[in-house]
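Right, one structure below, let's go through it.
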Amino acid sequence: MKKLINRQPGRVATWALGLLPFALLLVVYLLASDARLEANPNDKLLPAFSAMGDAIQRMAFEPSKRSGEYLLWADTLASLTRLAIGVGISALMGLVFGIVTGTLPYARAGLSPLITGLSLVPPMAILPILFILFGLGELAKVMLIIIGITPFLIRDLQQRAQEIPAEQVIKMQTLGANTWQIILRLVWPQIMPRLISAVRLSLGSAWLFLIAAEAIAATEGLGYRIFLVRRYLSMDVILPYVLWITLLAFAIDFLLARYSRWRYPWFHGSH
Amino acid sequence: MTRLLTTVCTTALLALTLATPVQAQARDSFKVCWSIYVGWLPWDYGAAEGIVDKWADKYDIDIEVVQINDYIESINQYTAGQFDGCTMTNMDALTIPAAGGVDSTALIVGDFSNGNDGIVLKDADKLEAIKGRRVNLVELSVSHYLLARALDSVGLSERDITVVNTADADLVSAFNTPDVTALATWNPLLGTIKESPEANLVFDSSKIPGEIIDLMVVNTDTLKANPALGKALTGAWYEIMGHLNDSGFRQHLANVAATDLDGLRMQLDATRLFDKAEDAVTFTNSPALKDTMQKVAEFSFDHGLLGEGAPDAGFVGVETPAGVYGNNGNVKLRFDPTYMTMAAEGEL
């Protein structure tokens, strides 16, 4: 008899075990939803799957009565645009400042304490100040994402840049490279895959800040819609929106991982 | 294996608690909730001074009065069955519990807004100047309703402006930013915003008196099974109202609302509080209430607040003493003056 610790599930068993919790969750939801709907057919708390299907159909494939837009797509476009601008600018700043402070001791001495200090300020705590500085428009939403994740990216990339083996830097110098060439040919290529993995890790926070910003003041967006229909407990819209956000987040993460493997195979240890 | 079993059991139990709707049956302990608004502050006084307990004891029941910080959350909790009663406006009572199939009764018609809700503009003192602006407000709230009625009064429609959904907690700081030039909100936020020199109040609820009504709403089935709950709450409320001019009462309210006596007076002046049960009964019995609920239902339908299953504004029936508005077969919101009449006649 093999010890439990040495027993491996087969391919089928792995899938089955992985799917089991989802199936259980689904069954539990169905039972609870049925029980509530039986007592009150208009219950809004745990809508039936058919009600959610209707809501998706309505939000995604029928133009809105008020504005004539297809709401789900308009919301998705608005949110993804904000997320892309926010995360894009943050990644760029993370890359530049990370490399500079990671490779140049003088820059590190001057900037690192400030960045560490800034990274400790919870962005949500200074929201009222952000409003007054950046207004309530698109700028404020993008800024919240930037302020939220940039310090983390800079600090992470600075450390990654510092971890580059000193031997490589010395080798390049013996070959006659100057600082600029070392940064461009040695540090930058090595930092790129690390930037991608840092961005993947910070995407969760980026979504959080995006949804928070859209809850505060907005005319469209995924977070906006959720906070709007919350006013009348429209769970048939909220639950599909949450699933959709999860799916989008998963897709972005997956694409970044794929891109990193394709572009920087050496980083992932494949040949 | 036992751990898996425990997990499954816990999950099932959790689902069961969610799944069990409140059963209407005779009980002896109840929970009601309220949130910060001048017309509902008296509940805190009643709870703190033991008036609610006194009346609950009289009918041999327990009533717990809970304050909830987030207004919409309090209504959602009530709709989900966590509370037997809750304070809310007539519009929210129609669009959240009633449209959600929870048969609700407006047990106490406490007051109506008579200036407590308003629209403020920068650099203009005429409502017409709102045309083309972005208006910050809590979308789909009574502020939105007020805005729709205001636009109507000057021949504009929602297409002439852009509504920006803004959390009530952030409205005051939003007004101090340059790109916010128009907003609609309620007291105490409105009072703070009006203090700013650039603020011009261009429309307020005193121009549509009696349309934004503040209620104590209880679950109809619970009330039917437990008339004692209705009697105790109504009795307590009108005893609390008897203290309206006491300085201790006013100071208590001002403290809870984080304002001073002047600030409280200003808010009370903008509220038509029915301190006498007779007045509340007269208001509830008047045919105007039915017309108001029709306007509110039509606004709610136009904005999708009755749910997409609603084929027309009258989908959810509203029962008033003057008659039923909407679908007779789906009455989910009832204005029932029975208990207030008992209070007026001194029968509690």
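Here's how to read the names in the structure tokens: chain A, B, ... by the order shown, residue numbers from 1 in each chain, ligand numbers from 1 in the order shown.
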
Write out as an MDAnalysis selection string the residues lying within 8 Å of Thr79 (chain B), counting only C-alpha atoms and excluding same-chain residues fewer than 2 positions away.
-> chainID B and resid 75:77 81:83 96:97 100 102

Those same residues, written as a short mmCIF file (atom, residue, chain, number, x, y, z; two decimals), in the first residue's frame with all heavy atoms?
data_model
loop_
_atom_site.label_atom_id
_atom_site.label_comp_id
_atom_site.auth_asym_id
_atom_site.auth_seq_id
_atom_site.Cartn_x
_atom_site.Cartn_y
_atom_site.Cartn_z
N ILE B 75 -31.64 48.88 3.23
CA ILE B 75 -32.83 48.40 2.51
C ILE B 75 -32.58 47.01 1.94
O ILE B 75 -33.45 46.14 1.97
CB ILE B 75 -33.21 49.38 1.38
CG1 ILE B 75 -33.37 50.78 1.94
CG2 ILE B 75 -34.50 48.94 0.71
CD1 ILE B 75 -33.67 51.81 0.88
N ASN B 76 -31.37 46.80 1.42
CA ASN B 76 -31.04 45.47 0.90
C ASN B 76 -31.14 44.41 1.99
O ASN B 76 -31.63 43.31 1.76
CB ASN B 76 -29.63 45.47 0.30
CG ASN B 76 -29.57 46.21 -1.03
OD1 ASN B 76 -30.60 46.56 -1.59
ND2 ASN B 76 -28.37 46.46 -1.52
N GLN B 77 -30.65 44.75 3.18
CA GLN B 77 -30.72 43.81 4.30
C GLN B 77 -32.17 43.50 4.65
O GLN B 77 -32.53 42.36 4.91
CB GLN B 77 -30.01 44.41 5.52
CG GLN B 77 -28.51 44.55 5.37
CD GLN B 77 -27.82 43.23 5.58
OE1 GLN B 77 -28.25 42.41 6.38
NE2 GLN B 77 -26.75 42.99 4.84
N GLY B 81 -34.40 39.89 4.13
CA GLY B 81 -35.06 39.23 5.23
C GLY B 81 -34.32 39.27 6.56
O GLY B 81 -34.68 38.59 7.50
N GLN B 82 -33.26 40.09 6.62
CA GLN B 82 -32.49 40.18 7.86
C GLN B 82 -33.18 41.07 8.89
O GLN B 82 -32.86 41.03 10.06
CB GLN B 82 -31.09 40.74 7.59
CG GLN B 82 -30.28 39.91 6.62
CD GLN B 82 -29.95 38.55 7.18
OE1 GLN B 82 -29.55 38.41 8.32
NE2 GLN B 82 -30.16 37.51 6.37
N PHE B 83 -34.10 41.93 8.43
CA PHE B 83 -34.81 42.82 9.36
C PHE B 83 -36.31 42.73 9.09
O PHE B 83 -36.74 42.45 7.98
CB PHE B 83 -34.35 44.27 9.19
CG PHE B 83 -32.96 44.50 9.71
CD1 PHE B 83 -31.87 44.44 8.86
CD2 PHE B 83 -32.74 44.76 11.05
CE1 PHE B 83 -30.59 44.64 9.35
CE2 PHE B 83 -31.47 44.96 11.55
CZ PHE B 83 -30.38 44.90 10.69
N ILE B 96 -37.11 48.64 -4.40
CA ILE B 96 -36.23 47.58 -3.88
C ILE B 96 -37.06 46.43 -3.28
O ILE B 96 -37.18 45.39 -3.91
CB ILE B 96 -35.14 48.14 -2.95
CG1 ILE B 96 -34.40 49.26 -3.69
CG2 ILE B 96 -34.14 47.04 -2.58
CD1 ILE B 96 -33.37 49.99 -2.87
N PRO B 97 -37.68 46.58 -2.09
CA PRO B 97 -38.42 45.41 -1.59
C PRO B 97 -39.64 45.06 -2.43
O PRO B 97 -39.82 43.89 -2.80
CB PRO B 97 -38.81 45.80 -0.16
CG PRO B 97 -38.58 47.24 -0.03
CD PRO B 97 -37.67 47.68 -1.13
N GLY B 100 -38.91 43.60 -5.63
CA GLY B 100 -38.24 42.33 -5.37
C GLY B 100 -39.19 41.29 -4.80
O GLY B 100 -38.75 40.24 -4.35
N VAL B 102 -41.04 41.37 -2.10
CA VAL B 102 -41.24 41.33 -0.66
C VAL B 102 -42.41 42.27 -0.34
O VAL B 102 -42.31 43.48 -0.48
CB VAL B 102 -39.97 41.79 0.09
CG1 VAL B 102 -40.23 41.85 1.59
CG2 VAL B 102 -38.82 40.83 -0.20
#

Could you please tell me, as a ChimeraX atom specification, which residues of chain B have an atom within 6 Å of chain A when using only C-alpha atoms?
-> /B:15,19,96,100-101,164-167,177

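Counting only C-alpha atoms, the residue from A:Ile196, A:Leu17, A:Leu130, A:Leu210 that sits nearest to Asp170 (chain B) is A:Leu130.
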
Residues of region 184-328 of chain B in helix (DSSP H, G or I) according to DSSP, as an MDAnalysis selection string?
-> chainID B and resid 189:194 205:207 220:225 227:241 247:256 261:269 277:285 288:302 328

For Tyr238 (chain B), work out the shell of residues within 12 Å, counting only C-alpha atoms and skipping chain neighbours fewer than 3 positions away, then give it as an MDAnalysis selection string.
-> chainID B and resid 42:43 46 51:52 55 108:110 231:235 241:244 273:280 339:346 348

Name the residues in contact with Leu201 (chain A) at a cut-off of 12 Å, using only C-alpha atoms, excluding same-chain residues fewer than 3 positions from it; report them as a compact mmCIF listing (two decimals) with C-alpha atoms, in the first residue's frame.
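Listing of out.txt after writing:
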# COMPACT_ATOMS: atom_id res chain seq x y z
CA VAL A 87 -1.41 49.96 -16.09
CA ALA A 91 4.53 49.77 -16.22
CA ILE A 149 0.41 50.25 -8.40
CA PHE A 152 5.00 48.57 -6.08
CA LEU A 153 6.27 48.10 -9.64
CA ASP A 156 9.96 45.34 -7.36
CA ARG A 194 10.32 40.46 -14.72
CA LEU A 195 8.27 43.55 -15.53
CA ILE A 196 5.64 41.35 -17.12
CA SER A 197 5.41 39.11 -14.08
CA ALA A 198 5.25 42.14 -11.77
CA GLY A 204 -5.47 42.44 -9.13
CA SER A 205 -4.84 45.73 -7.35
CA ALA A 206 -5.30 47.64 -10.60
CA TRP A 207 -8.79 46.16 -11.01
CA ALA A 249 -8.81 39.44 -15.63
CA PHE A 250 -8.00 35.81 -16.34
CA ILE A 252 -5.29 39.42 -19.57
CA ASP A 253 -3.18 37.41 -17.14
CA PHE A 254 -3.09 34.44 -19.51
CA LEU A 256 0.69 38.28 -20.58
CA ALA A 257 2.01 34.90 -19.43
